[in-house]
Every structure is written in C-alpha cells, then in structure tokens.
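Data first, discussion second: the structure below is written as structure tokens.
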Amino acid sequence: MATATDKKPATMAQALQRAMRDAMAEDPTVHVLGEDVGTLGGVFRVTDGLAKEFGEDRCTDTPLAEAGILGTAVGMAMYGLRPVVEMQFDAFAYPAFEQLISHVAKMRNRTRGAMAMPIVVRVPYGGGIGGVEHHSDSSEAYYMATPGLQVVTPATVEDAYGLLRAAIASDDPVVFLEPKRLYWSKSDWSPEAPAAVAPIGKAVVRRTGSSATLITYGPSVPVCLEAAEAAREEGWDLEVVDLRSLVPFDDETVCASVRRTGRAVVVHESAGFGGPGGEIAARVTERCFHHLEAPVLRVAGFDIPYPPPMLEKHHLPGVDRVLDAVARLQWEAEH
Amino acid sequence: MATATDKKPATMAQALQRAMRDAMAEDPTVHVLGEDVGTLGGVFRVTDGLAKEFGEDRCTDTPLAEAGILGTAVGMAMYGLRPVVEMQFDAFAYPAFEQLISHVAKMRNRTRGAMAMPIVVRVPYGGGIGGVEHHSDSSEAYYMATPGLQVVTPATVEDAYGLLRAAIASDDPVVFLEPKRLYWSKSDWSPEAPAAVAPIGKAVVRRTGSSATLITYGPSVPVCLEAAEAAREEGWDLEVVDLRSLVPFDDETVCASVRRTGRAVVVHESAGFGGPGGEIAARVTERCFHHLEAPVLRVAGFDIPYPPPMLEKHHLPGVDRVLDAVARLQWEAEH
Amino acid sequence: MTVQELPGAAAYRPTPPPAWRPRTDPAPLLPDPEPHRVLGTGAELDRALMLKLYAELVRGRRFNAQATALTKQGRLAVYPSSTGQEACEVAAALALEERDWLFPSYRDTLAAVARGLDPVQALTLLRGDWHTGYDPREHRIAPLCTPLATQLPHAVGLAHAARLKGDDVVALALVGDGGTSEGDFHEALNFAAVWQAPVVFLVQNNGFAISVPLAKQTAAPSLAHKAVGYGMPGRLVDGNDAPAVHQVLSEAVARARRGGGPTLIEAVTYRMEAHTNADDATRYRGSAEVDAWRDHDPIRLLEGELTARGLLDEDGIRAAAEAAETMAAALRDQMNADPALDPMDLFAEVYAERNGQLREQAAQLRAELEAEAR
Amino acid sequence: MTVQELPGAAAYRPTPPPAWRPRTDPAPLLPDPEPHRVLGTGAELDRALMLKLYAELVRGRRFNAQATALTKQGRLAVYPSSTGQEACEVAAALALEERDWLFPSYRDTLAAVARGLDPVQALTLLRGDWHTGYDPREHRIAPLCTPLATQLPHAVGLAHAARLKGDDVVALALVGDGGTSEGDFHEALNFAAVWQAPVVFLVQNNGFAISVPLAKQTAAPSLAHKAVGYGMPGRLVDGNDAPAVHQVLSEAVARARRGGGPTLIEAVTYRMEAHTNADDATRYRGSAEVDAWRDHDPIRLLEGELTARGLLDEDGIRAAAEAAETMAAALRDQMNADPALDPMDLFAEVYAERNGQLREQAAQLRAELEAEAR
Ligand SMILES: Cc1ncc(C[n+]2csc(CCOP(=O)(O)OP(=O)(O)O)c2C)c(N)n1
Ligand SMILES: Cc1ncc(C[n+]2csc(CCOP(=O)(O)OP(=O)(O)O)c2C)c(N)n1
Ligand SMILES: [Mg+2]
Ligand SMILES: [Mg+2]
C-alpha cells in the first residue's frame, strides 16, 4: 500500500492513464486503439506513454474512422483480446453507433454467451471546456437506453482509476464516460501507488445529509457538493449520491438515501428531456413513493443543442439552479 | 369531403403512401429517397407507385448506405427541397446516426434559423412481426433524447395519413416512427378521400375513463385499448391517451387526464430502462404529484436485446401485463 | 463471355462505362474487365477437388431448395436463398483451413454448412428460436450477419489479432454488391490494407441489392476496382465457375497467410430466386433475364466440364444427387421437430451476471409463466 | 520533385508502394504518381489571375497568423491554421462562380474568407459566440464542418438537387487526408458518381491527421487513386502550386458544370503549424521535416515564378504585403471588440416554434438573468 510520502497530486487524466498502464502490464490481451492515442498520447494525453512502453501493436494509432475502430475492436475481442477504444470526443463516437448498438451490446446475448465482448469504449463527454460545436455533447442517454451495455462515469481521480480498471476487467462492454472538464481535477491520490478497483454498479454517498438527496454523476458531482455546502446557509443539509454507474443502476444506495431524506433532485448536464434524469426520477418514485414529500425534481441542461463556448455557462446546471430546485421541494407544506 | 360511399377499408401502409403522394402532387419540392423505394415500392410497399407516378428523380432508389442517404438529404434540404427519407428497418437507421444527431437536429440552431431542415426520416420500428434480429428495435429513446428533432408515431390509419402530411409540411426535421405491426391494420378511412392533417404535438384521448390513465403510443395503443376493455370486468374504467407525438410532448392533454384519474401507467414496447417511459413518468409526476394516488408505473419491453421471433411474445407488453400494473396502482390504500 | 455479354448486363454495368482513371494513369484499365475463369479454358483440374466441389454444389442447391420449402411450411421465419450463387458459397468454405475464420452475411448459410456446421444450428437464426445457433469460436464462423457490411471490420480485427498473436489464421469475409456501398466496407478495407491484415474480402455480385441493380449501386467499372483505392490487389472472377472462385480465393488466402496482406475479390454471379421468400422479384426484373442466367448455371457449368473431361459420369451424378436427397430428408425431419424453447432464456447472457433490474424482470416473467401453467 | 522526394515522404507514402492493381489491369499505374504542376513547367500564365492568386495567398497567410495571434489573446477559442495550405484554400475560393457552393471543413476559414465572406462572420464559430456566423444560403458557403467528412454527402445532395432543378450550380467540398478514411467519404463519392452529381471533392493531403501521418491512414499509392473505385476521374496535384491547383479545380468544376459528373482531386501540401493552437506538433514530427517544406512554400513558389517572369516586382510584393497588413489590422480591431451576447439566444431557432418545455426553460433563464441584473 502507499505510504504517506508516495502521495502527490494526480489528475484524473493521469489516473486513467495509469489504469490502462497497469491493466496492460498485468494482461497482455489488453490493447488500446483510437485516433492519435499512440505517438501523441491522445488529444487529452490520457494514453500518454503507452505506445512507448508497450509498443504500437498494443497502443495503436488507427485510421480516422470510428466505426472501423469499434468494428475491428469487435473482431479483436472475438479472438480473445480486450480492446480499450478511445473515441476522441462525444460527438465523434456517433459514427460507431451501429457497431455499438447492433454488435457490441448484443453479441453475448446473440451467441448465448459463447462470445462475450470485453470492450471498453472510452468517451470524453460533456461541456464546460469552451469547446466549439460537436465537442461538448452529453450522450449518456443513448447508451443507457441500450440493453447489453454498461455505462460508467467517474467524478473523482480515485474512481477514474478504479472504475477504468473494473471496466477493463469486465467481460461485458462498458461505455466509459470521462467528464472532460474534470480531466485536470486533482487529488492527493498517487498515481504511483496501487489503487483500489471500484466496483461497477455501486453508487457512493459523497456527502451525508438529512434534508434531501442530490442524485448525480460525473461532471455534476462537484457542482452538487458545492451546492450542498451553500445550502447549509439556507438550513438544508443535503446528501449527495454519486451514481458512478448508470448501468447497472444502484437502486439500493439511491433509494436508501431518498427514503431517509424524503426528497430528491436529480442533477445532470445532459439535456433534461429524454435524459438520464427521467429514468432516475421515475424509478426512485416507483420505489419510494410513500417516502416522498415532494416529486423528484430534475436539474439538467436545457433541451437545446449544446451552446457555443461563450454561452455555455447559461446552459450548464450550476449551484444556483440546484438550490432553486431544492427550494421547490415543497418545504412549506411540511415544515 | 368524403361521402359515405367513398369509404372502403384502407391499411396504414396505404395511408402513408397516400400522404406522400398527396404531398408530392401538391409540392414539387417533396422528394422521396431510400433503399428499394422506387421500382419495388419499399419492402413494406409504403412507397408503392410513387416512382411510376412522379419519376425516379422524385422517388429515388439510392445506393445502399444510410449515412449517405440522410447526408445527401441534408444537402437537398440546403437547396430548398423537402426530402422524405425511408430507413428500411429501425436498426438500419443507426449508420445514419451521426448525420441525424450532428447535422439534421442541429442545423437550424447552428445557423440561427438561416438553414432549416425540413426532412422526414421514416423509420419502421418495433416488433411483433416475427422478424429476425436487428429487425424489431424500438429506437425512440435515442431520438427523444436529441434536441432539435421532432418524434412522431401514428397508431391509427387516419393518423398515419394526418401525421405524415404534417411531418412533410413541417419546416423542422421529424423522425417518423411507423409501427411495423400496424402496417396492415385497417380502418374504414378511405385513401381516396381527402383526410385531415393531424397536428404534431397533440396527444389524443382514445378512450375516456375515470379510474386510471394509460399513457401510450404507436404499437401499444391497440394493446391498451384492449386492456381497457378487459379492465371493465375488474371494475376499472381506464382512460387511454395516445401520445402520437413524443416530441413535442403534450403535457397538457396527458396531465389533464392524470389529474382527473389520479393514477397512471405508461405503456410501451421499447426497453423500460432509459426508455421513453422514464421521461413520461417523471414529467407527469413533477406536474401532477399531489393528484397522484400511486406512483406512475411503467409497462415496457424487458431490458434485453430484442428476442428471436419465437420468444418475442414473452417480451412484448401485452394486455395481462398492463392489467397487472393497473392492479398495482394501490387501490386498497384508497378504496 | 465478357461481363457485358452476361444476361442483364445493362443492369450489371453502367453504360457507357464511365471514364474513371486518374490523370496520372499512363494506360487505361479495361473498362469492362474480363473475369478470371477456369472452366472451358483447358486448365488442369484437380480431380478430387473438382468432385468435392461438384458434390457440394449439388448438396448446396438441394439445401437451398429445402430451406425455401421450409419457409412455406412455416418451419423457417425467412430464408434468403443462395441458389445460383452456390459456387461462391462452396468455394468460400473449401478455400479455408480448419483454423481460419469465416465471416458470413445473412445469405451465406450455405457457406457455413459447407464448412461443416450442423444445418440446424446454421438455420437457428432463420427459424427464429434463437439468434446465432452455434458457438462461433468452436466453428470459427462468426454469426450470420444482417446489418450490411458490419461483419467486414470484425474480420479485419480478428485477422489482425491473430497476426499479432503469431497465429497464421486467415479471415474470409463475405459481402454482397449492395454492401460495398456502406461506410463499413470502406473502413474495413482501409484498416485491412494499412494493417496488412490477413483477410480476404469476397464480394458476391449477384446483380441486385433486393430490387436495386448494380448500375444504381456504383459507377465503377467493376467492384474489384475498388481495391485500387485501398492499395490492395483486386480480383475479378466468374462467380459461377466454382474452380475459378476456388482458385482465386485460395491464392488470396495463401497470400494473406504468408503475410502478403488483404485481397478484394469480386465474384460475378446471379441470385436466381427472390431476395428472400418474402420478396417478389417480378416487380423488378424479367424472367428472360433469369432464364438467360440458367445457361451460366454453376452446377451445369461444372457438370458439363467434368463430364466432357471424363472426370464425372452418370453414376457420379446420381450419387451426388442421392447424397443431396439424403441430406435434404434429414434436414426436413430435423426441422419438422419443434425446437425446445425456454422463455427464461430472454434473460440469459444479456450480461455475464444479471443486474438488479433483470433479476426483477426475470422474476416477473417466471411468475407469469407459472400463473399460466396453473 | 516526385512525391517520394517531398520532405517527410516516408510518412506520406507507404514504402515499398503496395501492389494495388486488379488482375485484369493490363498495365501498371504509376506506384508513385507525379502530381500535376504548373509552376516551373514553362506553361503560359494568366497575369491577372496570377496576381490575384498571389495577393490572396499573401493575405491568407497574414490572416492565418492574425487568427493564431488572436487565440493567444483569448479572442478566439481555437484556430486550426491553414498556413502552408494557402494555395489550396485560395484556389478553391477562386475556382468557383458566384452561384456555386463551397463546403468547407473546420480548417477552411481561409477559403470562405477568400470567397468574400466577412472575416468576423467566418471566425464566429472559433470565437465562440455562435456556431455558424453567417447565412449559408446568402454566401453559398455551408457551415464550417467539424464532424469529419460529414459535409461531403451534403455537397452531393445539394449538387444533385441543383441539377434536378436545372441550375448549373457546382458544389466544391473540402476534406483532409484523414477524412478520407471515414465512411461518409466513401458514401458521398459513391452517391456522386452514381448520380453524376456536379460536385468536386478536393482532398488537402497535408500529411497528417492531427498526429497521424498518411502512412498510417492509407496504403493506397495516392488518395487520387480512390477515384477509381467510384468510377470517377481522379487527379493528383501539387497543392502548393497555386496555379496548378486552380487549373485542376477549374477543369473539374467546368466538367461538373457541363454534366460530366464528379471529380476527386488530391492536393499534396503540408500543414506548417500545429493542428490547432492547442496542439503540440513537436510530439509527432521533427522540425527538419517542417523546415524542408519551407523550400516548397506556396507563396515562395509563386512569388519566385512571377518575379522570374517579370510579372511581379518589388512594388507588387510590397503592395500585397501592405494590403495584407491593412486587412490584419482591421481584423484585429474587429475581433478585439467583445461580441454582443444574448443568453436568450440559447432558445432561438431550436425549432421554428418553441415548444412547451422550451418556453418553460426560456422563462426560467429569463428569470435568472433578471434576478442577476437586480
Ligand atoms: C445496414 C443495413 N441496411 C439495410 C439492410 C436491409 N437489407 C437487407 S439485405 C439488403 C440488400 C443487400 O444487397 P447485397 O449486399 O447485394 O446482398 P444480397 O442480398 O444480394 O446477397 C438490404 C438493403 C440491412 N440488412 N442492413
Ligand atoms: C468524426 C470525427 N472524428 C474525429 C474528429 C476529431 N478530429 C478533428 S480534426 C482531426 C484530424 C483530421 O485530419 P485531416 O482530415 O487530415 O484534416 P486536417 O486536420 O489535416 O486538415 C480529428 C481526428 C472529428 N472532428 N470528427
Ligand atoms: Mg446483391
Ligand atoms: Mg490532414
């Protein structure tokens, strides 16, 4: 285990790199492929150094074609490899949609388990980095709606490592959503120290509280934690649940929290309509109806194409919008 | 208007064909394109006769490439045409996903309204026709989660005509979902008689009732009507709302019904998790919380890849499952 | 016979042939290239191989007929027949070694069966009791693939993985003329060429993609010419000349195996029946065209040549026919039995482990089934 | 200079050149085709056109430099410079008639500006106050396109629509070497050839797709060879020879206009700067390679030739430089003004009419903004 002196700040991007590096070192069947992942180390430098350390056959710059990348990864998995695919940005994963939906997600089921698809599709997602159009989509709703996929997204440096290790180890495909604006977020977790594998399918309570539960994930976790701090001034003690895994969904942790607090707000950056929040609010309501003092509310991106850089701050759910939603949780009726 | 003698049974497929024919006759900018839509008249014969009547330039057999079809349709729309694109089956629309999400849905917004996308993407969807894999997907969740698209689906022969006319007339893109298993459903609506354009964005109450509301659309509408009939025996008087339009969503009609009945079940064939039902249940709950005697429940396809023909009947939500859900609407607590 | 002389040539080839060559090309390619042939050229023939090909062609045609009959009896949900294309199907199966992989499309049940796959397992998809009816790894046959051209990158990835591992395994991917228009075709061929992957692409150009003739599909002088843009060899072969298809495929497989990289092969053939039993081919082509192709039938061609050369006689013909009948009778019997069905299989193998919601849903279905049974 | 002799040729061309030709080809194509050139060949030059090209090249380079400087000052979110590729950008703009359409990629701001688009409108996307900063119909310039190769089918569809309408409009679509690997490239070229659409595809082969050199992108002897597989003419041109690019483009545009169908053109050029200001090109290429390309600089080439022929003198050179400086100063001033922003624009033009939920959300934002303002 790490000693105190090992510890130095590490970024989420470094933690992800370390997760791939450790997995590649342990398991020769792990291969990384994508656009610019080799020599350059990826446009976000998440694969930095892997080609050098493991060779270009293990970390491969592919031709520029996302369906080709994921499609060849399917073939590699058929032959027993564990491909980790990088899509350069959220919107640039769309050309691979057919391969993902019609093959990656279904192959195990189609073949009665004979042919699993241990593929990780890493997708940098979300906004807040001043990217021009097509560089800030939150595409999680598409993946959540596809049976056969697991969908995972870290909010902390530690989880970035732990969840990616778990994703690579999983025999089933994982869409691994990386919140772009947290790539450079830091913690005192040391990339040199072995770190724990975080289980897929387990949410975690990031902050305990008694007044209401904020249910969130990925880039919105820090927003919710900040909102919870701010809410103390208004007299609300908010619990913050970081889902980490959208599929499978951890009903247990979420419902335990909501039953305790009696109120909940789902917070995410993706457009609200048809987004993850609908599913989450609906299942929480189905399971906790008689514990609810107010309807589960949603704070989400607006139902619009992602805005240009100079306007994105008005689109992204921030602390104020979260607090507004908390305020609408029908406190008067109860207090 | 039609006289009584005009009337003869017509199928949904014929009504759709008639809608395109009438639109093409009225407006020379309407063009139909897709795989096998010309000489063959489409694998479901929905475009039957159009190439003959309007020529191959107006109803065009394209090369076999869905991104190419939708991508060229974008260019045609840029030049002022109104393309109506046929995707042969639900799962075969996936190759066009990038064009749909990154261009069709966003073009008006990106260009501040300078360049609208009056494109209709017709997608035969859903199961129940004994199709082998990849021929029975319910892909509406993907489209609903995409701001900029309208998503429409008829459940009756009349609406098939009326909604498709409205979709072709709309200056914004419409994903027009055609329930495959209703293609041959009939009514006494006459394809020879002029028919009304059905407005996009308006749900319709197909059956009034007072005990609970079934919220549904497309292929599940007949199932719900049948369930409502069967429920009379159990003493429940069910209201059935046919959404017709998933985007825009008719909150008014739906909420008016639920506020009246106090209970609701959402019924659809698409997988439940991350499916349309989550959004619908969540928004109904947000808006009608204090009118609800029970949580809004969902009856949906299982969260699995669409099953093979011989097993699909176990997957599809049928009358019994709808009635089971109605029974779980916590009647005892109230009665 | 040049391609232009084939029945229905107008639909096969754009007329006039388009100017296509890059300015830097010092000499024109043939605008209507002559496909590679063996039968009728006086080339030497390997008797054992020819008889094997012949027997498999006859068996294959009978298989197609039986499968189509099974659709009429409601025993198959659908069947896309490869009647007329048996030479391609059979040669594809025979050109591969045991350790090689086949990547078939939905039309290539026959190739899988000719490779030795149990016919019932091969037909499971089309009967509809499950999707893929066999273990792809056991037979080294990827699932029969419906989304067009999507199997091509799979073949490339598998071949590439095998080469990285040091195994001399070759992947053979089958696709139709229509499938060449899909983006996945392009991406797969490009990856294959860049990686020099040991993969062979066989395009069965059967003249149609459902109702759409090749002339509406491409303006290229031949589909084999598409190889040029990827920097790989392109071969054009008479797809009804079984020894020729076998030869061209075998050469390409050997080339791939020795590290020479991928090859694109266009086999010119014809789909004698409708797209599937559900299709009505009279809507888009005349019977004269179909009839004309009967003169160029793969079985007739091979039978004629082998008989003329004294490699096959009446007895041999009868024996092949009888073996095919036996196979067909067995298939009919097997397919007339109702498959065992377990609705709970819906939840099997969605994931390695069922998650919470699938456990709930499985419990619901089980309860429903139990209630029904009571 | 053949392509093999160009700086960084190893990355440009696979070595050894792969065997590529279909078996039916009676004669080999050049494995390393020589691109079309004008400068240095003694060809006759149209003085007015040459001076226009020259002025635009100089202006274009200055524009690129200014835009990159604006990123450093935080006035642009990002800028993908076309320095080194100005000959392609400028020739593309000048080869079109007013009624024609340009389909640029994200790197082609310069082509749009050279076509006459207001620079601030052209830079709106990269400044980040809106997406497309101009009315595409007014300027017949499609939105600068980021998702690679997706603009190509748009160009085909538009050209096809124009032809159906009887308008003699040509569409010119720009794409990078990397973009040729995408499925949309394939589908667009195929549709164009089948429909004989009046469209010209110009591939700017600048050696890299971000960090990935062409040798990892394709094994084809040239990208122009990709034309073969679609049945359209392919042309290879020295992309730094502005008159040559202009000539080849003009011929292709003329051919398209008179109903001769599409053309694929590969222009061999080099991206002198990093992919964008955010990229670090030293991670994937050496400065020696970049320096070597300076000898083949498009401005230097044209300036040298025009001077040698007495078509350009010191005064002319100075005048062009001064005009470029004036443009740059004006651009700097314009871009130093903060753009007017209205957050309520978020809800403008999502649909022709706002639906219920957008009305609710707009009301919410308005309330927030009002609360903030108080
Ligand atoms: C991506 C995709 N689009 C459309 C279809 C529907 N479809 C099935 S077969 C077919 C025609 C295929 O023609 P071709 O590739 O020539 O093969 P053939 O049927 O002639 O063997 C079409 C359009 C599909 N299966 N997949
Ligand atoms: C579909 C898609 N995939 C990935 C990207 C990310 N990306 C932006 S530019 C680029 C490289 C493009 O190279 P090339 O086509 O050669 O054009 P160049 O940048 O050299 O002008 C990549 C991978 C994208 N924009 N779109
Ligand atoms: Mg075919
Ligand atoms: Mg490039």
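Labels used: A, B, ... for chains in the order of the structure tokens, numbers from 1 for residues in each chain, and numbers from 1 for ligands as shown.
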Task: Contact residues around Ala92 (chain D) with only C-alpha atoms at 8 Å, ignoring same-chain residues under 4 positions, as an MDAnalysis selection string - done: chainID D and resid 88 96 111 172 245:246 249
Open item on the list: Hey, which residues sit close to ligand 4? Say within 12 Å, counting only C-alpha atoms and all ligand atoms, and write them as a ChimeraX atom specification.
Closed with: /A:63-64 /D:12,80-82,84-85,105-108,148-149,174-181,203-217,223,266-276
- [ ] Find the residues of chain D in contact range of chain A, meaning any atom within 8 Å when counting only C-alpha atoms, and list them as an MDAnalysis selection string.
- [x] chainID D and resid 77 125:126 128:131 146:147 178:179 181:183 209:212 216:218 279 283:284 341 343 346:347 350 357:358 361 365
TODO: Extract the full set of helix (DSSP H, G or I) residues from region 148-325 of chain A according to DSSP on the backbone, and format it as number ranges by chain.
DONE: A: 157-169, 180-182, 220-233, 251-261, 276-291, 309-315, 319-325
Written file, previous selection with C-alpha atoms, as a short mmCIF file (atom, residue, chain, number, x, y, z; two decimals), in the first residue's frame:
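New file result.cif:
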data_model
loop_
_atom_site.label_atom_id
_atom_site.label_comp_id
_atom_site.auth_asym_id
_atom_site.auth_seq_id
_atom_site.Cartn_x
_atom_site.Cartn_y
_atom_site.Cartn_z
CA VAL A 157 -9.47 10.89 -9.54
CA GLU A 158 -9.61 7.72 -7.45
CA ASP A 159 -12.73 6.48 -9.19
CA ALA A 160 -11.26 7.26 -12.57
CA TYR A 161 -8.59 4.72 -11.81
CA GLY A 162 -10.77 2.24 -10.01
CA LEU A 163 -13.67 2.26 -12.44
CA LEU A 164 -11.47 2.03 -15.50
CA ARG A 165 -9.67 -0.96 -14.02
CA ALA A 166 -13.03 -2.56 -13.34
CA ALA A 167 -14.24 -1.72 -16.83
CA ILE A 168 -11.21 -3.30 -18.47
CA ALA A 169 -11.58 -6.34 -16.24
CA LYS A 180 -13.75 16.31 -19.92
CA ARG A 181 -13.81 19.22 -17.55
CA LEU A 182 -12.60 17.04 -14.70
CA SER A 220 -22.16 17.42 -11.89
CA VAL A 221 -20.82 15.84 -8.72
CA PRO A 222 -18.57 18.78 -7.81
CA VAL A 223 -21.47 21.13 -8.60
CA CYS A 224 -23.72 19.26 -6.21
CA LEU A 225 -21.11 19.17 -3.47
CA GLU A 226 -20.70 22.89 -3.80
CA ALA A 227 -24.45 23.35 -3.77
CA ALA A 228 -24.67 21.24 -0.62
CA GLU A 229 -22.14 23.48 1.08
CA ALA A 230 -24.06 26.57 0.02
CA ALA A 231 -27.34 25.02 1.14
CA ARG A 232 -26.16 24.88 4.73
CA GLU A 233 -26.70 28.60 4.90
CA ASP A 251 -31.27 1.27 -6.77
CA GLU A 252 -30.31 0.21 -3.29
CA THR A 253 -27.98 3.06 -2.40
CA VAL A 254 -30.12 5.66 -4.11
CA CYS A 255 -33.39 4.51 -2.61
CA ALA A 256 -31.93 4.10 0.86
CA SER A 257 -30.90 7.73 0.74
CA VAL A 258 -34.18 9.03 -0.65
CA ARG A 259 -36.22 7.03 1.83
CA ARG A 260 -34.22 8.65 4.57
CA THR A 261 -34.42 12.21 3.29
CA PRO A 276 -31.00 10.07 -17.66
CA GLY A 277 -32.92 12.11 -15.08
CA GLY A 278 -36.25 10.85 -16.34
CA GLU A 279 -35.32 7.23 -15.73
CA ILE A 280 -33.79 8.04 -12.36
CA ALA A 281 -36.72 10.12 -11.15
CA ALA A 282 -39.20 7.53 -12.40
CA ARG A 283 -37.53 4.57 -10.73
CA VAL A 284 -36.96 6.40 -7.49
CA THR A 285 -40.61 7.41 -7.47
CA GLU A 286 -41.76 3.86 -8.26
CA ARG A 287 -39.70 2.52 -5.39
CA CYS A 288 -40.02 5.28 -2.78
CA PHE A 289 -43.39 6.86 -3.49
CA HIS A 290 -44.69 6.84 0.05
CA HIS A 291 -41.49 8.25 1.40
CA PRO A 309 -18.44 28.45 -25.70
CA MET A 310 -19.42 31.96 -24.75
CA LEU A 311 -22.93 30.94 -23.78
CA GLU A 312 -22.34 27.55 -22.21
CA LYS A 313 -22.34 28.88 -18.67
CA HIS A 314 -26.01 29.76 -19.04
CA HIS A 315 -26.79 26.22 -20.12
CA VAL A 319 -25.14 25.73 -7.93
CA ASP A 320 -27.93 28.27 -8.14
CA ARG A 321 -30.16 26.09 -10.25
CA VAL A 322 -29.61 23.18 -7.91
CA LEU A 323 -30.53 25.35 -4.92
CA ASP A 324 -33.58 26.67 -6.74
CA ALA A 325 -34.75 23.11 -7.29
#
Near Arg298 (chain B), within 6 Å and counting only C-alpha atoms, which residues show up once chain neighbours fewer than 4 positions away are dropped, as a PDB file with N, CA and C atoms, in the first residue's frame?
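In the end it all went to result.pdb:
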ATOM      1  N   VAL B 265     -50.416   4.626 -15.833  1.00  0.00           N
ATOM      2  CA  VAL B 265     -49.428   3.629 -16.253  1.00  0.00           C
ATOM      3  C   VAL B 265     -48.952   4.035 -17.646  1.00  0.00           C
ATOM      4  N   VAL B 266     -47.634   4.065 -17.831  1.00  0.00           N
ATOM      5  CA  VAL B 266     -47.074   4.323 -19.148  1.00  0.00           C
ATOM      6  C   VAL B 266     -46.800   2.969 -19.795  1.00  0.00           C
ATOM      7  N   VAL B 267     -47.211   2.796 -21.023  1.00  0.00           N
ATOM      8  CA  VAL B 267     -47.041   1.502 -21.695  1.00  0.00           C
ATOM      9  C   VAL B 267     -46.307   1.699 -23.013  1.00  0.00           C
TER      10      VAL B 267
END
Open item on the list: Just checking: using only C-alpha atoms, which residue out of C:Ala171, C:Leu49, C:Val228, C:Ala188 ends up closest to chain D?
Closed with: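 Smallest distance to chain D is found for C:Val228.
For region 53-102 of chain B, backbone-based DSSP labels the following residues as strand (DSSP E): B:Cys59, B:Thr60, B:Asp61, B:Arg82, B:Pro83, B:Val84, B:Val85, B:Glu86.
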I need the chosen residues saved as a short mmCIF file (atom, residue, chain, number, x, y, z; two decimals), in the first residue's frame, with all heavy atoms.
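After the write, part.cif holds the following:
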data_model
loop_
_atom_site.label_atom_id
_atom_site.label_comp_id
_atom_site.auth_asym_id
_atom_site.auth_seq_id
_atom_site.Cartn_x
_atom_site.Cartn_y
_atom_site.Cartn_z
N CYS B 59 -38.70 10.01 -56.65
CA CYS B 59 -38.75 8.87 -55.73
C CYS B 59 -37.60 7.94 -56.12
O CYS B 59 -37.71 7.19 -57.09
CB CYS B 59 -40.09 8.16 -55.80
SG CYS B 59 -40.19 6.73 -54.70
N THR B 60 -36.52 8.01 -55.41
CA THR B 60 -35.23 7.53 -55.89
C THR B 60 -34.69 6.33 -55.11
O THR B 60 -34.58 6.39 -53.89
CB THR B 60 -34.18 8.67 -55.80
OG1 THR B 60 -34.73 9.83 -56.44
CG2 THR B 60 -32.88 8.27 -56.46
N ASP B 61 -34.38 5.28 -55.85
CA ASP B 61 -33.62 4.16 -55.28
C ASP B 61 -32.17 4.60 -55.10
O ASP B 61 -31.46 4.82 -56.09
CB ASP B 61 -33.63 2.97 -56.25
CG ASP B 61 -34.92 2.18 -56.18
OD1 ASP B 61 -35.53 2.14 -55.10
OD2 ASP B 61 -35.29 1.59 -57.21
N ARG B 82 -37.57 19.21 -49.92
CA ARG B 82 -38.13 18.62 -48.69
C ARG B 82 -38.01 17.10 -48.80
O ARG B 82 -38.94 16.43 -49.22
CB ARG B 82 -39.59 19.02 -48.52
CG ARG B 82 -39.83 20.52 -48.46
CD ARG B 82 -41.29 20.85 -48.24
NE ARG B 82 -41.60 20.95 -46.82
CZ ARG B 82 -41.40 22.05 -46.10
NH1 ARG B 82 -40.92 23.14 -46.65
NH2 ARG B 82 -41.69 22.06 -44.83
N PRO B 83 -36.88 16.55 -48.42
CA PRO B 83 -36.67 15.11 -48.59
C PRO B 83 -37.45 14.29 -47.55
O PRO B 83 -37.49 14.64 -46.38
CB PRO B 83 -35.16 14.93 -48.37
CG PRO B 83 -34.58 16.31 -48.36
CD PRO B 83 -35.68 17.22 -47.91
N VAL B 84 -38.03 13.22 -48.04
CA VAL B 84 -38.64 12.23 -47.16
C VAL B 84 -37.82 10.96 -47.33
O VAL B 84 -37.79 10.36 -48.40
CB VAL B 84 -40.11 11.96 -47.54
CG1 VAL B 84 -40.71 10.91 -46.61
CG2 VAL B 84 -40.92 13.24 -47.52
N VAL B 85 -37.10 10.61 -46.28
CA VAL B 85 -36.14 9.52 -46.35
C VAL B 85 -36.74 8.27 -45.73
O VAL B 85 -37.35 8.35 -44.67
CB VAL B 85 -34.86 9.94 -45.57
CG1 VAL B 85 -34.08 8.75 -45.11
CG2 VAL B 85 -34.01 10.88 -46.42
N GLU B 86 -36.58 7.14 -46.39
CA GLU B 86 -37.01 5.88 -45.77
C GLU B 86 -35.80 5.09 -45.28
O GLU B 86 -34.87 4.82 -46.05
CB GLU B 86 -37.81 5.02 -46.76
CG GLU B 86 -38.18 3.65 -46.18
CD GLU B 86 -39.13 2.82 -47.03
OE1 GLU B 86 -40.19 3.33 -47.41
OE2 GLU B 86 -38.80 1.65 -47.33
#
- [ ] Extract, using only C-alpha atoms, all DNA, RNA and protein residues at most 6 Å from Ala220 (chain D), discarding same-chain residues fewer than 2 positions from it, and format them as an MDAnalysis selection string.
- [x] (chainID C and resid 229:231) or (chainID D and resid 218 222)
